[in-house]
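Here is entry_4.tsv, consisting of TSV, C-alpha atoms:
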chain	number	residue	atom	x	y	z
A	401	MET	CA	-54.88	58.84	-32.29
A	402	THR	CA	-55.00	60.69	-28.99
A	403	GLY	CA	-57.96	62.33	-27.36
A	404	PRO	CA	-61.18	60.94	-25.95
A	405	ARG	CA	-62.89	58.06	-27.69
A	406	ALA	CA	-66.14	56.17	-27.44
A	407	ILE	CA	-65.80	53.12	-25.23
A	408	ASN	CA	-66.48	50.81	-28.17
A	409	SER	CA	-63.65	51.96	-30.43
A	410	GLY	CA	-59.87	51.76	-30.46
A	411	PRO	CA	-58.52	50.01	-27.35
A	412	GLY	CA	-62.14	49.33	-26.43
A	413	ARG	CA	-62.35	46.91	-29.36
A	414	VAL	CA	-59.25	45.11	-28.08
A	415	LEU	CA	-61.09	44.69	-24.77
A	416	VAL	CA	-64.15	43.42	-26.65
A	417	GLY	CA	-61.94	40.79	-28.28
A	418	LEU	CA	-60.37	39.77	-24.96
A	419	TYR	CA	-63.77	39.55	-23.28
A	420	GLY	CA	-65.06	37.52	-26.21
A	421	LEU	CA	-62.13	35.11	-25.87
A	422	PHE	CA	-62.70	34.71	-22.14
A	423	ALA	CA	-66.45	34.36	-22.48
A	424	LEU	CA	-65.83	31.61	-25.02
A	425	SER	CA	-63.15	29.78	-23.01
A	426	ALA	CA	-65.13	30.01	-19.76
A	427	TRP	CA	-68.28	28.75	-21.53
A	428	ALA	CA	-66.34	25.90	-23.11
A	429	ARG	CA	-64.75	24.99	-19.79
A	430	ALA	CA	-68.04	25.15	-17.89
A	431	GLY	CA	-69.85	23.20	-20.62
A	432	VAL	CA	-67.31	20.37	-20.62
A	433	GLN	CA	-67.15	20.25	-16.81
A	434	ILE	CA	-70.91	20.32	-16.27
A	435	ALA	CA	-71.59	17.80	-19.04
A	436	THR	CA	-68.94	15.27	-18.05
A	437	LYS	CA	-68.41	15.47	-14.27
A	438	PHE	CA	-70.83	17.82	-12.59
A	439	HIS	CA	-70.96	15.77	-9.37
A	440	VAL	CA	-67.20	16.16	-8.74
A	441	ALA	CA	-67.27	19.87	-7.92
A	442	PRO	CA	-70.66	21.48	-8.53
A	443	LEU	CA	-69.69	24.80	-6.92
A	444	ALA	CA	-66.58	25.19	-9.06
A	445	TYR	CA	-68.45	24.35	-12.27
A	446	VAL	CA	-71.37	26.64	-11.55
A	447	LEU	CA	-68.82	29.35	-10.86
A	448	SER	CA	-67.21	28.69	-14.25
A	449	ALA	CA	-70.60	29.20	-15.88
A	450	VAL	CA	-71.26	32.38	-13.85
A	451	SER	CA	-67.90	33.84	-14.82
A	452	ALA	CA	-68.63	33.01	-18.45
A	453	ALA	CA	-71.95	34.87	-18.23
A	454	ILE	CA	-70.24	37.89	-16.66
A	455	TYR	CA	-67.62	38.00	-19.41
A	456	LEU	CA	-70.36	37.81	-22.02
A	457	VAL	CA	-72.41	40.62	-20.46
A	458	ALA	CA	-69.29	42.78	-20.05
A	459	MET	CA	-68.55	42.25	-23.74
A	460	ILE	CA	-72.09	43.26	-24.68
A	461	GLY	CA	-71.78	46.41	-22.53
A	462	LEU	CA	-68.51	47.34	-24.21
A	463	ILE	CA	-69.95	46.77	-27.69
A	464	ARG	CA	-73.12	48.77	-27.03
A	465	GLY	CA	-71.39	51.71	-25.38
A	466	GLY	CA	-73.46	54.71	-24.41
A	467	ARG	CA	-74.72	55.31	-20.91
A	468	GLY	CA	-76.32	51.89	-20.45
A	469	GLY	CA	-73.42	49.96	-21.95
A	470	ARG	CA	-70.96	51.80	-19.78
A	471	ARG	CA	-72.97	51.11	-16.64
A	472	LEU	CA	-73.26	47.43	-17.57
A	473	ALA	CA	-69.53	47.19	-18.26
A	474	ILE	CA	-68.60	48.91	-14.99
A	475	ALA	CA	-70.86	46.57	-13.03
A	476	CYS	CA	-69.42	43.47	-14.75
A	477	CYS	CA	-65.79	44.56	-14.41
A	478	SER	CA	-66.35	45.27	-10.70
A	479	VAL	CA	-68.03	41.91	-10.05
A	480	GLU	CA	-65.24	40.23	-12.00
A	481	LEU	CA	-62.50	41.94	-10.02
A	482	ILE	CA	-64.18	41.06	-6.72
A	483	GLY	CA	-64.80	37.52	-7.98
A	484	VAL	CA	-61.24	36.86	-9.10
A	485	LEU	CA	-59.83	38.32	-5.87
A	486	ALA	CA	-62.26	36.38	-3.67
A	487	VAL	CA	-61.91	33.06	-5.49
A	488	GLY	CA	-58.15	33.54	-5.87
A	489	THR	CA	-57.79	34.11	-2.13
A	490	LEU	CA	-60.15	31.24	-1.27
A	491	THR	CA	-58.26	28.78	-3.45
A	492	LEU	CA	-55.04	29.72	-1.68
A	493	ILE	CA	-56.50	29.54	1.85
A	494	ASP	CA	-58.79	26.54	1.44
A	495	SER	CA	-58.12	24.59	-1.73
A	496	SER	CA	-60.68	21.93	-0.74
A	497	ALA	CA	-63.51	24.41	-1.42
A	498	PHE	CA	-62.60	24.22	-5.12
A	499	PRO	CA	-61.48	20.67	-5.89
A	500	ASP	CA	-61.32	21.46	-9.59
A	501	ALA	CA	-59.99	24.54	-11.32
A	502	THR	CA	-62.11	27.48	-12.45
A	503	VAL	CA	-61.12	30.44	-14.58
A	504	TRP	CA	-60.59	32.45	-11.39
A	505	SER	CA	-58.67	29.87	-9.33
A	506	ASP	CA	-55.27	31.05	-8.05
A	507	PHE	CA	-56.07	34.52	-9.42
A	508	GLY	CA	-56.40	33.11	-12.95
A	509	ARG	CA	-52.95	31.55	-13.05
A	510	GLY	CA	-54.08	28.89	-15.53
A	511	TYR	CA	-54.87	31.71	-17.97
A	512	GLY	CA	-51.67	33.69	-17.52
A	513	PHE	CA	-53.29	35.92	-14.87
A	514	VAL	CA	-55.30	37.61	-17.63
A	515	PRO	CA	-58.55	37.16	-15.61
A	516	LEU	CA	-56.97	39.33	-12.89
A	517	VAL	CA	-55.66	41.98	-15.28
A	518	LEU	CA	-58.72	42.14	-17.54
A	519	PRO	CA	-61.21	43.81	-15.13
A	520	VAL	CA	-58.55	46.32	-14.08
A	521	LEU	CA	-57.87	47.18	-17.74
A	522	GLY	CA	-61.61	47.42	-18.31
A	523	LEU	CA	-62.17	49.80	-15.40
A	524	LEU	CA	-59.16	51.94	-16.40
A	525	TRP	CA	-60.48	52.15	-19.95
A	526	LEU	CA	-63.98	53.10	-18.75
A	527	ARG	CA	-62.43	55.80	-16.57
A	528	ALA	CA	-60.30	57.13	-19.42
A	529	THR	CA	-63.22	57.51	-21.81
A	530	PRO	CA	-65.62	60.46	-21.54
A	531	GLN	CA	-68.99	60.05	-19.89
A	532	PRO	CA	-71.81	60.27	-22.44
B	48	MET	CA	-53.09	15.41	-34.90
B	49	ASN	CA	-49.99	15.89	-36.97
B	50	ASN	CA	-47.13	16.98	-34.70
B	51	GLY	CA	-45.03	18.48	-37.49
B	52	LEU	CA	-47.97	20.53	-38.74
B	53	ALA	CA	-48.78	21.65	-35.19
B	54	VAL	CA	-45.23	22.89	-34.65
B	55	ALA	CA	-45.26	24.64	-38.05
B	56	ILE	CA	-48.56	26.35	-37.15
B	57	MET	CA	-47.21	27.45	-33.76
B	58	VAL	CA	-44.04	28.93	-35.26
B	59	ALA	CA	-45.95	30.62	-38.08
B	60	SER	CA	-48.66	32.05	-35.83
B	61	LEU	CA	-46.06	33.47	-33.44
B	62	LEU	CA	-44.15	35.07	-36.34
B	63	VAL	CA	-47.30	36.50	-37.95
B	64	GLY	CA	-48.54	37.68	-34.56
B	65	GLY	CA	-45.24	39.45	-33.96
B	66	ALA	CA	-45.46	41.10	-37.40
B	67	CYS	CA	-48.99	42.37	-36.63
B	68	LEU	CA	-47.87	43.76	-33.27
B	69	ALA	CA	-44.93	45.41	-35.04
B	70	ALA	CA	-47.45	47.17	-37.29
B	71	ALA	CA	-49.33	48.26	-34.15
B	72	ALA	CA	-46.07	49.62	-32.70
B	73	ARG	CA	-45.67	51.72	-35.86
B	74	ASN	CA	-49.20	53.02	-35.33
B	75	ARG	CA	-50.54	51.24	-38.40
B	76	TRP	CA	-53.25	48.83	-39.32
B	77	LEU	CA	-52.36	45.63	-41.15
B	78	ASP	CA	-51.02	45.57	-44.70
B	79	GLN	CA	-52.38	43.15	-47.26
B	80	TRP	CA	-49.51	40.71	-46.68
B	81	HIS	CA	-50.39	40.51	-42.98
B	82	LEU	CA	-53.91	39.44	-43.93
B	83	ILE	CA	-52.55	36.88	-46.41
B	84	ALA	CA	-50.17	35.53	-43.74
B	85	LEU	CA	-53.05	35.26	-41.25
B	86	GLY	CA	-54.99	33.40	-43.94
B	87	VAL	CA	-52.11	30.95	-44.37
B	88	VAL	CA	-52.03	30.29	-40.60
B	89	GLU	CA	-55.79	29.65	-40.67
B	90	LEU	CA	-55.34	27.25	-43.62
B	91	GLY	CA	-52.84	25.33	-41.50
B	92	VAL	CA	-55.33	25.26	-38.62
B	93	LEU	CA	-58.08	23.99	-40.94
B	94	ALA	CA	-55.75	21.28	-42.28
B	95	GLN	CA	-54.99	20.24	-38.71
B	96	THR	CA	-58.71	20.15	-37.92
B	97	VAL	CA	-59.31	17.87	-40.91
B	98	VAL	CA	-56.47	15.57	-39.79
B	99	ALA	CA	-57.91	15.45	-36.26
B	100	VAL	CA	-61.48	14.79	-37.41
B	101	ILE	CA	-60.29	11.98	-39.71
B	102	ALA	CA	-58.34	10.46	-36.81
B	103	LEU	CA	-61.41	10.71	-34.55
B	104	ILE	CA	-63.59	9.04	-37.19
B	105	GLY	CA	-60.86	6.42	-37.62
B	106	GLY	CA	-61.26	5.46	-33.96
B	107	ASP	CA	-58.48	7.38	-32.21
B	108	ARG	CA	-59.66	8.71	-28.87
B	109	PRO	CA	-57.84	11.58	-27.18
B	110	VAL	CA	-57.25	11.32	-23.42
B	111	GLU	CA	-59.69	14.17	-22.79
B	112	LEU	CA	-62.21	13.80	-25.59
B	113	ALA	CA	-64.69	16.53	-24.61
B	114	THR	CA	-61.95	19.05	-23.84
B	115	PHE	CA	-60.19	18.22	-27.08
B	116	ILE	CA	-63.33	18.76	-29.16
B	117	GLY	CA	-63.96	22.05	-27.33
B	118	TYR	CA	-60.47	23.27	-28.10
B	119	LEU	CA	-60.75	22.06	-31.69
B	120	ILE	CA	-63.91	24.10	-32.33
B	121	VAL	CA	-62.51	27.22	-30.60
B	122	THR	CA	-59.19	26.95	-32.42
B	123	THR	CA	-60.82	26.61	-35.83
B	124	LEU	CA	-63.16	29.59	-35.44
B	125	PHE	CA	-60.93	31.85	-33.39
B	126	LEU	CA	-58.66	33.50	-35.95
B	127	PRO	CA	-61.42	34.36	-38.48
B	128	ALA	CA	-63.46	35.96	-35.67
B	129	ALA	CA	-60.48	38.01	-34.49
B	130	VAL	CA	-59.58	39.13	-38.01
B	131	GLY	CA	-63.22	40.14	-38.51
B	132	LEU	CA	-63.03	42.29	-35.38
B	133	SER	CA	-59.72	43.71	-36.58
B	134	ILE	CA	-61.31	44.75	-39.89
B	135	LEU	CA	-64.00	46.62	-37.91
B	136	GLU	CA	-61.21	48.55	-36.21
B	137	PRO	CA	-58.74	49.50	-38.99
B	138	THR	CA	-56.36	51.33	-36.66
B	139	ARG	CA	-53.31	50.28	-34.68
B	140	TRP	CA	-55.74	48.66	-32.24
B	141	GLY	CA	-56.97	46.37	-35.00
B	142	SER	CA	-53.36	45.26	-35.43
B	143	VAL	CA	-53.18	44.58	-31.67
B	144	ILE	CA	-56.32	42.40	-31.96
B	145	ALA	CA	-55.04	40.37	-34.92
B	146	GLY	CA	-51.52	40.06	-33.45
B	147	SER	CA	-52.70	38.89	-30.04
B	148	ALA	CA	-55.15	36.48	-31.64
B	149	SER	CA	-52.42	34.94	-33.78
B	150	ILE	CA	-50.27	34.40	-30.67
B	151	VAL	CA	-53.26	32.86	-28.87
B	152	VAL	CA	-53.56	30.38	-31.79
B	153	ALA	CA	-50.10	29.08	-30.87
B	154	ILE	CA	-51.28	28.53	-27.28
B	155	LEU	CA	-54.49	26.84	-28.48
B	156	MET	CA	-52.47	24.55	-30.76
B	157	LEU	CA	-50.25	23.60	-27.80
B	158	ARG	CA	-53.33	22.82	-25.65
B	159	LEU	CA	-54.74	20.74	-28.53
B	160	LEU	CA	-51.54	18.69	-28.63
B	161	GLN	CA	-51.65	18.26	-24.84
B	162	THR	CA	-55.28	17.08	-24.80
B	163	TRP	CA	-54.77	14.81	-27.81
B	164	THR	CA	-52.18	12.09	-27.05
B	165	PRO	CA	-54.49	9.37	-28.45
B	166	LEU	CA	-55.21	6.13	-26.63
B	167	ARG	CA	-55.00	3.44	-29.25
Represent the structure of the file as structure tokens.
Amino acid sequence: MTGPRAINSGPGRVLVGLYGLFALSAWARAGVQIATKFHVAPLAYVLSAVSAAIYLVAMIGLIRGGRGGRRLAIACCSVELIGVLAVGTLTLIDSSAFPDATVWSDFGRGYGFVPLVLPVLGLLWLRATPQP
Amino acid sequence: MNNGLAVAIMVASLLVGGACLAAAARNRWLDQWHLIALGVVELGVLAQTVVAVIALIGGDRPVELATFIGYLIVTTLFLPAAVGLSILEPTRWGSVIAGSASIVVAILMLRLLQTWTPLR
């Protein structure tokens, strides 16, 4: 059970599942928001869609593994971490910028702070696995 | 939505999820009875979906229709997808996947109840 692993096995598959769940929920959220009330908060809803795309690409990177997959996953996890920190801080400082919630609002509080923890877990996992 | 069924599903999915995580804690993948139990939870979810679809066809309209339908689709497909992923990873980590997914089903069921509350 111990020792180095490929990024797409063991705990990596748990991350794939989590990223899949978040890609799905962010897509669903963005889809409903954009379809039913886009004019209310276009920025927030576009951001929901962008975060969904990032989760999806991160999941693909983790599934593919190898050099390219790893690079893709590192890029997505980094953007995600920056995104959740930036949007989380913005929603606290100036809540009027985001009149409706996104996955990243208040550091992902609506999702049990998993959006904040997920990129950190991802980056730790990518660090712990051997470079191809 | 049947409230009694929803509560039963939530309790069952939390118990089954806990049992899967217990297997993970013992460094094991799922036993056959875990898979059967997960199947029973999914049967409950499918029954709830049928009840909800019949109610929708019958004219009940949830407060947040689009959100409700979104949650309904995700909830129905979620556990089979997670168990599929778990089968690809037949180690303790597969048990973590199935266990977490089963607990998430309880949360999804709660959100379904919250977005339902039909306007008659």
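The list of residues with at least one atom within 12 Å of A:Ile463, based on all atoms listed in the file and without residues fewer than 4 positions apart in the same chain, reads Ala406, Ile407, Asn408, Ser409, Gly410, Pro411, Gly412, Arg413, Val414, Leu415, Val416, Gly417, Tyr419, Gly420, Leu456, Val457, Ala458, Met459, Arg467, Gly468, Gly469, Arg470, Leu472 and Ala473 of chain A; Leu132 and Leu135 of chain B.
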Could you take the residues named above and write them with C-alpha atoms, as a compact mmCIF listing (two decimals), keeping the file's coordinate frame?
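part.txt, freshly written:
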# COMPACT_ATOMS: atom_id res chain seq x y z
CA ALA A 406 -66.14 56.17 -27.44
CA ILE A 407 -65.80 53.12 -25.23
CA ASN A 408 -66.48 50.81 -28.17
CA SER A 409 -63.65 51.96 -30.43
CA GLY A 410 -59.87 51.76 -30.46
CA PRO A 411 -58.52 50.01 -27.35
CA GLY A 412 -62.14 49.33 -26.43
CA ARG A 413 -62.35 46.91 -29.36
CA VAL A 414 -59.25 45.11 -28.08
CA LEU A 415 -61.09 44.69 -24.77
CA VAL A 416 -64.15 43.42 -26.65
CA GLY A 417 -61.94 40.79 -28.28
CA TYR A 419 -63.77 39.55 -23.28
CA GLY A 420 -65.06 37.52 -26.21
CA LEU A 456 -70.36 37.81 -22.02
CA VAL A 457 -72.41 40.62 -20.46
CA ALA A 458 -69.29 42.78 -20.05
CA MET A 459 -68.55 42.25 -23.74
CA ARG A 467 -74.72 55.31 -20.91
CA GLY A 468 -76.32 51.89 -20.45
CA GLY A 469 -73.42 49.96 -21.95
CA ARG A 470 -70.96 51.80 -19.78
CA LEU A 472 -73.26 47.43 -17.57
CA ALA A 473 -69.53 47.19 -18.26
CA LEU B 132 -63.03 42.29 -35.38
CA LEU B 135 -64.00 46.62 -37.91
Which polymer residues have any atom within 7 Å of an atom of A:Val484, counting all atoms listed in the file, with same-chain residues fewer than 2 positions away left out, as a list in words?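 Residues meeting the cut-off are Glu480, Leu481, Ile482, Ala486, Val487, Gly488, Trp504, Phe507 and Leu516 of chain A.
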Please write the residues from the selection above to a file, keeping C-alpha atoms, as a compact mmCIF listing (two decimals), keeping the file's coordinate frame.
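again_34.txt, written as the output of this step:
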# COMPACT_ATOMS: atom_id res chain seq x y z
CA GLU A 480 -65.24 40.23 -12.00
CA LEU A 481 -62.50 41.94 -10.02
CA ILE A 482 -64.18 41.06 -6.72
CA ALA A 486 -62.26 36.38 -3.67
CA VAL A 487 -61.91 33.06 -5.49
CA GLY A 488 -58.15 33.54 -5.87
CA TRP A 504 -60.59 32.45 -11.39
CA PHE A 507 -56.07 34.52 -9.42
CA LEU A 516 -56.97 39.33 -12.89
Any idea which chain B residues end up within 9 Å of chain A if we count all atoms listed in the file, as a ChimeraX atom specification please? /B:74,113-114,117-118,121,125,128-129,132-133,135-141,143-144,148
Using C-alpha atoms, can you write the selected residues to a file as a PDB file, in the coordinates of the input?
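Okay, result24.pdb is ready:
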ATOM      1  CA  ASN B  74     -49.200  53.020 -35.330  1.00  0.00           C
ATOM      2  CA  ALA B 113     -64.690  16.530 -24.610  1.00  0.00           C
ATOM      3  CA  THR B 114     -61.950  19.050 -23.840  1.00  0.00           C
ATOM      4  CA  GLY B 117     -63.960  22.050 -27.330  1.00  0.00           C
ATOM      5  CA  TYR B 118     -60.470  23.270 -28.100  1.00  0.00           C
ATOM      6  CA  VAL B 121     -62.510  27.220 -30.600  1.00  0.00           C
ATOM      7  CA  PHE B 125     -60.930  31.850 -33.390  1.00  0.00           C
ATOM      8  CA  ALA B 128     -63.460  35.960 -35.670  1.00  0.00           C
ATOM      9  CA  ALA B 129     -60.480  38.010 -34.490  1.00  0.00           C
ATOM     10  CA  LEU B 132     -63.030  42.290 -35.380  1.00  0.00           C
ATOM     11  CA  SER B 133     -59.720  43.710 -36.580  1.00  0.00           C
ATOM     12  CA  LEU B 135     -64.000  46.620 -37.910  1.00  0.00           C
ATOM     13  CA  GLU B 136     -61.210  48.550 -36.210  1.00  0.00           C
ATOM     14  CA  PRO B 137     -58.740  49.500 -38.990  1.00  0.00           C
ATOM     15  CA  THR B 138     -56.360  51.330 -36.660  1.00  0.00           C
ATOM     16  CA  ARG B 139     -53.310  50.280 -34.680  1.00  0.00           C
ATOM     17  CA  TRP B 140     -55.740  48.660 -32.240  1.00  0.00           C
ATOM     18  CA  GLY B 141     -56.970  46.370 -35.000  1.00  0.00           C
ATOM     19  CA  VAL B 143     -53.180  44.580 -31.670  1.00  0.00           C
ATOM     20  CA  ILE B 144     -56.320  42.400 -31.960  1.00  0.00           C
ATOM     21  CA  ALA B 148     -55.150  36.480 -31.640  1.00  0.00           C
TER      22      ALA B 148
END
Mind pulling up the distance from atom CA of B:Val97 to atom CA of B:Ala153?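 Taking atom CA of B:Ala153 as the start and atom CA of B:Val97 as the end point, the length is 17.6 Å.
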For B:Leu90, work out the shell of residues within 12 Å, counting all atoms listed in the file and skipping chain neighbours fewer than 2 positions away, then give it as a compact mmCIF listing (two decimals) with C-alpha atoms, in the frame of the given file.
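This is the output file selection.txt:
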# COMPACT_ATOMS: atom_id res chain seq x y z
CA LEU B 52 -47.97 20.53 -38.74
CA ALA B 55 -45.26 24.64 -38.05
CA ILE B 56 -48.56 26.35 -37.15
CA ALA B 59 -45.95 30.62 -38.08
CA SER B 60 -48.66 32.05 -35.83
CA ILE B 83 -52.55 36.88 -46.41
CA ALA B 84 -50.17 35.53 -43.74
CA LEU B 85 -53.05 35.26 -41.25
CA GLY B 86 -54.99 33.40 -43.94
CA VAL B 87 -52.11 30.95 -44.37
CA VAL B 88 -52.03 30.29 -40.60
CA VAL B 92 -55.33 25.26 -38.62
CA LEU B 93 -58.08 23.99 -40.94
CA ALA B 94 -55.75 21.28 -42.28
CA GLN B 95 -54.99 20.24 -38.71
CA THR B 96 -58.71 20.15 -37.92
CA VAL B 97 -59.31 17.87 -40.91
CA THR B 122 -59.19 26.95 -32.42
CA THR B 123 -60.82 26.61 -35.83
CA LEU B 124 -63.16 29.59 -35.44
CA LEU B 126 -58.66 33.50 -35.95
CA PRO B 127 -61.42 34.36 -38.48
Can you list, as a compact mmCIF listing (two decimals) with C-alpha atoms, keeping the file's coordinate frame, every protein, DNA or RNA residue that comes within 12 Å of B:Met57 when you count all atoms listed in the file, leaving out same-chain residues fewer than 2 positions away?
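File part_16.txt, as written:
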# COMPACT_ATOMS: atom_id res chain seq x y z
CA ASN B 50 -47.13 16.98 -34.70
CA GLY B 51 -45.03 18.48 -37.49
CA LEU B 52 -47.97 20.53 -38.74
CA ALA B 53 -48.78 21.65 -35.19
CA VAL B 54 -45.23 22.89 -34.65
CA ALA B 55 -45.26 24.64 -38.05
CA ALA B 59 -45.95 30.62 -38.08
CA SER B 60 -48.66 32.05 -35.83
CA LEU B 61 -46.06 33.47 -33.44
CA LEU B 62 -44.15 35.07 -36.34
CA VAL B 63 -47.30 36.50 -37.95
CA GLY B 64 -48.54 37.68 -34.56
CA VAL B 88 -52.03 30.29 -40.60
CA GLU B 89 -55.79 29.65 -40.67
CA GLY B 91 -52.84 25.33 -41.50
CA VAL B 92 -55.33 25.26 -38.62
CA GLN B 95 -54.99 20.24 -38.71
CA SER B 149 -52.42 34.94 -33.78
CA ILE B 150 -50.27 34.40 -30.67
CA VAL B 151 -53.26 32.86 -28.87
CA VAL B 152 -53.56 30.38 -31.79
CA ALA B 153 -50.10 29.08 -30.87
CA ILE B 154 -51.28 28.53 -27.28
CA LEU B 155 -54.49 26.84 -28.48
CA MET B 156 -52.47 24.55 -30.76
CA LEU B 157 -50.25 23.60 -27.80
CA ARG B 158 -53.33 22.82 -25.65
CA LEU B 159 -54.74 20.74 -28.53
CA LEU B 160 -51.54 18.69 -28.63
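As for atom CA of A:Val450 and atom CA of A:Gly483, they are spaced 10.1 Å apart.
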